[in-house]
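J.: For reference, the file target_25.cif (mmCIF, C-alpha atoms and all ligand atoms) is included below:
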data_data
loop_
_atom_site.label_atom_id
_atom_site.label_comp_id
_atom_site.auth_asym_id
_atom_site.auth_seq_id
_atom_site.Cartn_x
_atom_site.Cartn_y
_atom_site.Cartn_z
CA MET O 1 127.78 81.33 -24.40
CA ARG O 2 130.58 81.44 -26.95
CA LEU O 3 132.62 84.60 -27.56
CA SER O 4 131.43 84.53 -31.19
CA GLU O 5 127.86 84.81 -29.87
CA VAL O 6 128.89 87.74 -27.64
CA LYS O 7 130.40 89.38 -30.70
CA ARG O 8 127.15 88.97 -32.64
CA ILE O 9 124.94 90.24 -29.79
CA LEU O 10 127.13 93.29 -29.20
CA LYS O 11 127.76 93.96 -32.92
CA ALA O 12 131.38 93.98 -31.84
CA GLN O 13 134.60 94.48 -33.79
CA VAL O 14 137.56 92.27 -32.95
CA ALA O 15 140.75 94.24 -32.29
CA THR O 16 142.75 91.11 -31.51
CA GLY O 17 141.99 87.44 -30.84
CA GLU O 18 140.01 86.59 -33.98
CA ASP O 19 141.26 82.99 -33.66
CA ARG O 20 139.78 82.51 -30.20
CA LEU O 21 136.12 83.37 -30.80
CA ASP O 22 135.00 79.79 -30.14
CA MET O 23 135.93 80.06 -26.43
CA GLU O 24 133.19 79.50 -23.89
CA ILE O 25 132.27 82.49 -21.67
CA MET O 26 131.11 81.49 -18.17
CA ALA O 27 129.88 84.83 -16.84
CA GLY O 28 130.14 88.57 -17.34
CA ALA O 29 131.36 91.53 -15.28
CA GLY O 30 131.65 95.24 -15.97
CA GLY O 31 133.45 98.16 -14.43
CA ASP O 32 135.74 101.13 -14.82
CA LEU O 33 137.46 100.89 -11.44
CA MET O 34 140.42 98.55 -11.66
CA SER O 35 140.63 97.58 -7.98
CA ASP O 36 136.91 96.92 -7.98
CA ILE O 37 137.32 94.55 -10.92
CA LEU O 38 140.20 92.81 -9.15
CA ARG O 39 138.08 92.35 -6.05
CA GLY O 40 136.18 89.21 -7.00
CA PRO O 41 137.27 86.13 -8.93
CA LYS O 42 137.19 86.83 -12.66
CA GLU O 43 138.69 83.57 -13.95
CA GLY O 44 137.05 82.77 -17.28
CA VAL O 45 134.83 85.84 -17.05
CA LEU O 46 134.06 88.27 -19.85
CA LEU O 47 135.02 91.78 -18.78
CA LEU O 48 133.29 94.91 -20.10
CA SER O 49 134.96 98.25 -19.49
CA GLY O 50 134.61 101.85 -20.54
CA LEU O 51 138.20 102.50 -19.63
CA ASN O 52 140.20 102.74 -22.82
CA ASN O 53 143.79 102.49 -21.63
CA ILE O 54 146.58 99.98 -21.13
CA GLN O 55 145.59 99.42 -17.49
CA SER O 56 142.27 97.84 -18.45
CA VAL O 57 144.17 95.25 -20.51
CA ARG O 58 146.62 94.59 -17.67
CA THR O 59 143.79 94.33 -15.16
CA ALA O 60 141.95 91.84 -17.38
CA VAL O 61 145.08 89.67 -17.74
CA ILE O 62 145.92 89.81 -14.04
CA ALA O 63 142.32 89.05 -13.05
CA GLY O 64 142.42 86.02 -15.37
CA ALA O 65 139.52 87.29 -17.50
CA SER O 66 138.81 85.35 -20.69
CA ALA O 67 138.18 88.39 -22.90
CA LEU O 68 137.86 92.19 -22.71
CA ILE O 69 135.18 94.28 -24.41
CA LEU O 70 135.49 98.06 -24.63
CA VAL O 71 132.09 99.72 -24.67
CA ARG O 72 130.86 102.82 -26.53
CA ASP O 73 133.11 102.41 -29.57
CA LYS O 74 136.37 103.11 -27.78
CA ILE O 75 139.21 102.25 -30.14
CA PRO O 76 142.20 100.58 -28.43
CA ASP O 77 145.68 101.83 -29.35
CA ASP O 78 148.49 99.59 -30.64
CA ASP O 79 150.01 99.22 -27.17
CA MET O 80 146.77 97.79 -25.86
CA LYS O 81 146.39 95.46 -28.83
CA ASP O 82 149.99 94.24 -28.52
CA GLN O 83 149.68 93.61 -24.80
CA ALA O 84 146.36 91.79 -25.27
CA ARG O 85 147.80 89.67 -28.09
CA GLU O 86 150.95 88.78 -26.13
CA ASN O 87 148.80 87.56 -23.26
CA GLY O 88 146.25 85.69 -25.36
CA LEU O 89 143.44 88.04 -24.34
CA PRO O 90 140.80 88.65 -27.03
CA LEU O 91 140.03 92.39 -27.21
CA LEU O 92 136.77 93.58 -28.78
CA THR O 93 134.90 96.86 -29.11
CA THR O 94 131.14 97.43 -29.14
CA PRO O 95 129.19 100.55 -30.14
CA PHE O 96 126.77 99.98 -27.23
CA THR O 97 127.02 101.76 -23.87
CA MET O 98 127.92 99.77 -20.75
CA PHE O 99 124.27 99.58 -19.67
CA THR O 100 122.99 98.43 -23.04
CA ALA O 101 125.83 95.99 -23.66
CA CYS O 102 125.31 94.31 -20.26
CA GLY O 103 121.54 94.28 -20.80
CA ARG O 104 121.82 92.61 -24.19
CA LEU O 105 124.11 89.89 -22.86
CA PHE O 106 121.95 89.34 -19.78
CA SER O 107 118.83 89.03 -21.95
CA ALA O 108 120.63 86.42 -24.00
CA GLY O 109 121.26 84.37 -20.86
CA LEU O 110 124.72 85.44 -19.66
CA ARG O 111 124.85 86.00 -15.90
CA GLY O 112 127.02 87.97 -13.47
CA VAL O 113 129.55 86.76 -10.94
CA GLU O 114 127.64 87.08 -7.67
CA LYS O 115 128.15 83.96 -5.56
CA LYS O 116 124.63 84.04 -4.23
CA ARG O 117 121.73 85.96 -5.70
CA PRO O 118 120.25 88.29 -3.06
CA GLU O 119 116.55 87.67 -2.29
CA MET I 120 165.26 78.51 1.01
CA ALA I 121 164.59 80.73 -1.97
CA ILE I 122 164.88 79.17 -5.42
CA LEU I 123 164.76 82.51 -7.13
CA THR I 124 164.97 86.16 -6.09
CA LYS I 125 164.37 89.04 -8.49
CA SER I 126 164.22 92.82 -8.07
CA TYR I 127 162.60 95.37 -10.35
CA PRO I 128 162.73 99.18 -10.14
CA ILE I 129 159.38 101.02 -10.09
CA LYS I 130 159.08 104.58 -11.34
CA ALA I 131 156.62 106.89 -9.60
CA ARG I 132 153.95 108.59 -11.79
CA ASP I 133 154.91 106.58 -14.90
CA TYR I 134 151.36 105.54 -15.79
CA LEU I 135 152.29 104.02 -19.15
CA LYS I 136 154.79 101.55 -17.69
CA ALA I 137 152.74 101.01 -14.54
CA GLY I 138 151.79 97.38 -14.16
CA GLU I 139 154.51 96.03 -16.46
CA ILE I 140 156.45 94.54 -13.57
CA SER I 141 153.40 92.71 -12.28
CA MET I 142 152.68 91.42 -15.77
CA GLY I 143 156.27 90.12 -15.78
CA VAL I 144 155.76 88.46 -12.40
CA HIS I 145 152.53 86.93 -13.72
CA GLY I 146 154.43 85.49 -16.71
CA LEU I 147 157.29 84.25 -14.53
CA LEU I 148 154.99 82.36 -12.14
CA LYS I 149 153.13 80.86 -15.09
CA LYS I 150 156.43 79.67 -16.58
CA ILE I 151 157.47 78.09 -13.29
CA GLY I 152 154.12 76.32 -13.29
CA PHE I 153 152.44 77.43 -10.06
CA ALA I 154 148.71 76.74 -9.64
CA THR I 155 146.43 79.22 -11.44
CA GLU I 156 144.84 80.35 -8.18
CA LEU I 157 148.19 81.22 -6.58
CA ILE I 158 149.31 83.03 -9.73
CA ARG I 159 146.12 85.08 -9.65
CA ARG I 160 146.53 85.98 -5.97
CA VAL I 161 150.21 86.92 -6.28
CA SER I 162 149.65 88.91 -9.50
CA ILE I 163 146.75 90.89 -8.03
CA CYS I 164 148.77 91.82 -4.95
CA ALA I 165 151.86 92.72 -6.99
CA TYR I 166 149.78 94.85 -9.34
CA GLU I 167 147.94 96.70 -6.57
CA ALA I 168 151.20 97.38 -4.72
CA GLU I 169 152.99 98.45 -7.90
CA MET I 170 150.14 100.82 -8.78
CA ASN I 171 150.25 102.28 -5.28
CA VAL I 172 153.92 103.17 -5.69
CA VAL I 173 153.19 104.73 -9.10
CA MET I 174 150.17 106.67 -7.80
CA HIS I 175 151.06 107.60 -4.22
CA GLY I 176 154.70 106.72 -3.57
CA GLY I 177 158.14 107.70 -4.77
CA ASP I 178 160.56 105.68 -6.91
CA GLY I 179 160.86 102.20 -5.50
CA VAL I 180 161.74 98.55 -5.91
CA MET I 181 159.75 95.35 -6.01
CA THR I 182 161.51 92.20 -4.89
CA ILE I 183 160.01 88.78 -5.43
CA GLU I 184 161.36 85.74 -3.64
CA ILE I 185 160.14 82.36 -4.79
CA GLY I 186 160.59 79.23 -2.70
CA GLU I 187 159.44 75.61 -3.07
CA ASP I 188 156.28 76.28 -1.09
CA TYR I 189 156.05 80.05 -0.74
CA VAL I 190 156.22 83.38 -2.56
CA ASN I 191 157.19 86.63 -0.85
CA ILE I 192 156.90 90.06 -2.39
CA THR I 193 158.38 93.21 -0.90
CA ILE I 194 157.61 96.63 -2.34
CA LYS I 195 159.60 99.53 -1.01
CA ASP I 196 159.36 103.16 -2.06
CA SER I 197 160.89 106.45 -1.03
CA GLY I 198 157.67 108.47 -1.24
CA PRO I 199 155.75 110.53 1.33
CA GLY I 200 154.73 107.49 3.37
CA ILE I 201 151.35 106.76 4.97
CA GLU I 202 150.34 108.79 8.00
CA ASP I 203 147.67 106.40 9.27
CA VAL I 204 148.14 102.84 8.02
CA SER I 205 144.95 101.44 9.56
CA LEU I 206 142.92 104.19 7.84
CA ALA I 207 144.66 103.41 4.53
CA MET I 208 143.67 99.75 4.93
CA LYS I 209 139.96 100.65 5.07
CA GLU I 210 137.80 99.84 2.03
CA GLY I 211 137.06 103.02 0.12
CA PHE I 212 139.76 105.21 1.65
CA SER I 213 141.72 106.89 -1.13
CA THR I 214 143.83 109.98 -1.70
CA ALA I 215 144.29 109.17 -5.41
CA SER I 216 144.94 112.12 -7.72
CA GLU I 217 142.66 113.13 -10.58
CA GLU I 218 145.23 111.66 -12.99
CA ALA I 219 145.12 108.27 -11.21
CA ARG I 220 141.31 108.31 -11.16
CA GLN I 221 141.19 108.91 -14.89
CA MET I 222 143.25 105.75 -15.33
CA GLY I 223 140.65 103.75 -13.40
CA PHE I 224 142.23 103.85 -9.95
CA GLY I 225 141.23 105.38 -6.65
CA ALA I 226 138.48 103.01 -5.50
CA GLY I 227 140.35 102.68 -2.22
CA MET I 228 140.30 98.93 -2.69
CA GLY I 229 143.97 98.17 -3.40
CA LEU I 230 145.25 97.51 0.13
CA PRO I 231 142.04 95.63 1.13
CA ASN I 232 142.47 93.51 -2.03
CA ILE I 233 146.05 92.71 -1.05
CA LYS I 234 144.91 91.74 2.43
CA LYS I 235 142.22 89.48 1.01
CA ASN I 236 144.45 87.74 -1.53
CA SER I 237 147.55 87.15 0.61
CA ASP I 238 148.44 84.93 3.57
CA SER I 239 150.35 87.68 5.37
CA LEU I 240 150.63 91.45 4.96
CA ASP I 241 152.77 94.02 6.71
CA VAL I 242 152.64 97.69 5.81
CA ILE I 243 155.54 99.54 7.38
CA SER I 244 155.28 103.27 6.85
CA ALA I 245 155.32 106.65 8.48
CA LYS I 246 154.87 110.17 7.21
CA GLY I 247 158.02 111.26 5.37
CA LYS I 248 159.64 107.86 5.79
CA GLY I 249 158.54 106.04 2.64
CA THR I 250 156.57 102.82 2.55
CA GLU I 251 157.46 99.15 2.71
CA VAL I 252 154.81 96.54 1.95
CA ARG I 253 155.62 92.88 2.68
CA ILE I 254 153.27 90.30 1.26
CA GLY I 255 153.53 86.55 1.86
CA PHE I 256 151.87 83.58 0.15
CA VAL I 257 151.88 79.91 1.01
CA ALA I 258 152.02 77.82 -2.17
N1 LIG F 1 153.11 103.43 -1.44
C1 LIG F 1 152.31 104.35 -0.88
N2 LIG F 1 152.81 105.57 -0.55
C2 LIG F 1 152.02 106.52 0.02
N3 LIG F 1 150.71 106.34 0.28
C3 LIG F 1 150.15 105.15 -0.03
C4 LIG F 1 150.92 104.10 -0.63
N4 LIG F 1 150.10 103.03 -0.80
C5 LIG F 1 148.89 103.41 -0.35
N5 LIG F 1 148.91 104.68 0.11
C6 LIG F 1 147.77 105.42 0.71
O1 LIG F 1 146.77 104.49 1.10
C7 LIG F 1 145.54 104.81 0.43
C8 LIG F 1 144.75 103.54 0.16
O2 LIG F 1 145.43 102.72 -0.77
P1 LIG F 1 144.61 101.66 -1.63
O3 LIG F 1 145.53 100.95 -2.52
O4 LIG F 1 143.77 100.84 -0.72
O5 LIG F 1 143.59 102.59 -2.47
P2 LIG F 1 143.94 103.57 -3.69
O6 LIG F 1 145.29 103.25 -4.21
O7 LIG F 1 143.70 104.96 -3.27
O8 LIG F 1 142.82 103.15 -4.76
P3 LIG F 1 142.79 101.77 -5.60
O9 LIG F 1 143.88 100.90 -5.09
O10 LIG F 1 141.44 101.20 -5.35
O11 LIG F 1 142.98 102.15 -7.02
C9 LIG F 1 145.96 105.57 -0.79
O12 LIG F 1 144.94 106.39 -1.33
C10 LIG F 1 147.13 106.39 -0.24
O13 LIG F 1 146.66 107.49 0.50
MG MG F 2 145.80 101.27 -4.64
#
Now, as a test, write the supplied structure out as structure tokens.
Ligand SMILES: Nc1ncnc2c1ncn2[C@@H]1O[C@H](COP(=O)(O)OP(=O)(O)OP(=O)(O)O)[C@@H](O)[C@H]1O
Ligand SMILES: [Mg+2]
T.:
Amino acid sequence: MRLSEVKRILKAQVATGEDRLDMEIMAGAGGDLMSDILRGPKEGVLLLSGLNNIQSVRTAVIAGASALILVRDKIPDDDMKDQARENGLPLLTTPFTMFTACGRLFSAGLRGVEKKRPE
Amino acid sequence: MAILTKSYPIKARDYLKAGEISMGVHGLLKKIGFATELIRRVSICAYEAEMNVVMHGGDGVMTIEIGEDYVNITIKDSGPGIEDVSLAMKEGFSTASEEARQMGFGAGMGLPNIKKNSDSLDVISAKGKGTEVRIGFVA
């Protein structure tokens, strides 16, 4: 799924990274606990977070995420936008809650990062 | 033999700056041209250790030593130290403050993450003696 498609599905606003919306998203992950996000491989993964602070941007960059979406209309400050821009991380905001945002993407075919699906 | 050694001061409880050093390390390794996987592992460990100093430790220093085929990171702080290191290494164990939790920390997963993403880890600490974390990677 392309990031532009994610944007459409989540009725998202682009805070930074408008020029990178054609990137391909491999999988999705969500969380508000930074060490939990850093636990599994997140290379090329779309990250959804309700945590509106600079650490969520840093965590996304360090985890190697492809893009970061802030849920529930959280508006990122200039620091966050600058840091995302400097690191080539598209930063978007969606009015949907975490649950709804994940559900919409899942319904559209995007999957999570589990290595093996439990029975 | 080390090709490059760099040291950076870390300020305790400075949540705005927290993570900047690890972002710098991330950029440095990228510039040198290490494999993406190694960069990810080193950056995660640096970030977790840096955040631990900010959250739990006292003012400290991170030193990164880069060799042809290895990367070593040492993080030393002058904080309260860790009373029981093996307990601190357990998944889910955390004494994070309310302030740290509001920033998205306190899952008790930082040290286990470092263990998982490194080739060697030594945590040298005692109550009242500060903390030294030595992390090694084979490139
Ligand atoms: N530099 C340090 N100085 C003092 N105590 C520390 C230090 N690093 C870790 N600790 C102790 O070890 C515990 C576990 O650390 P760990 O990084 O695994 O989890 P956390 O920092 O509490 O949460 P998370 O890393 O998931 O955000 C901490 O809660 C703290 O009690
Ligand atoms: Mg930690």
J.: Please find the residues contacting ligand LIG 1 (chain F) at a distance of at most 6 Å between atoms, with only C-alpha atoms and all ligand atoms counted, and report them as a ChimeraX atom specification.
T.: /O:35 /I:171-172,175-176,198-201,207-208,212-215,224-231,250
J.: Can you tell me how far atom CA of I:Phe256 sits from atom CA of I:Asp238, in Å to one decimal?
T.: 5.0 Å
J.: What lies within 9 Å of stretch 85-97 of chain O using all atoms listed in the file, ignoring chain neighbours under 4 positions off, as a ChimeraX atom specification?
T.: /O:7,10-21,50,57,60-61,65-76,80-81,101-102 /I:146
J.: What are the centre and the three edge lengths of an axis-aligned box that wraps all atoms of stretch 88-101 of chain O in the file, given that 6 Å is added to every side, written as lines of an AutoDock Vina configuration file and rounded to one decimal in Å?
T.:
center_x = 134.6
center_y = 93.7
center_z = -24.9
size_x = 35.3
size_y = 28.1
size_z = 22.5
J.: Got a sec: who's within 8 Å of I:Ile140, counting all atoms listed in the file, leaving out chain neighbours fewer than 5 positions off, as number ranges by chain?
T.: I: 127, 129, 166, 169
J.: Write out as a ChimeraX atom specification the residues lying within 12 Å of I:Glu139, counting only C-alpha atoms and excluding same-chain residues fewer than 5 positions away.
T.: /O:54-55,57-59,61-62,83 /I:127-130,133-134,144-146,162,165-167,169-170,173,181
J.: Work out how far apart atom CA of I:Gly186 and atom CA of I:Ile122 are and give it in Å to one decimal.
T.: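 Going from atom CA of I:Gly186 over to atom CA of I:Ile122 covers 5.1 Å.
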J.: Near chain I, which residues of chain O fall within 7 Å when you count only C-alpha atoms, and what do they look like as an MDAnalysis selection string?
T.: chainID O and resid 32:36 38:39 51 58 62:64
J.: Once you count all atoms listed in the file, which residues end up no further than 12 Å from (158.6, 99.1, 2.5) in the file's frame, shown as number ranges by chain?
T.: I: 168-169, 171-172, 176-182, 192-201, 240-245, 248-254
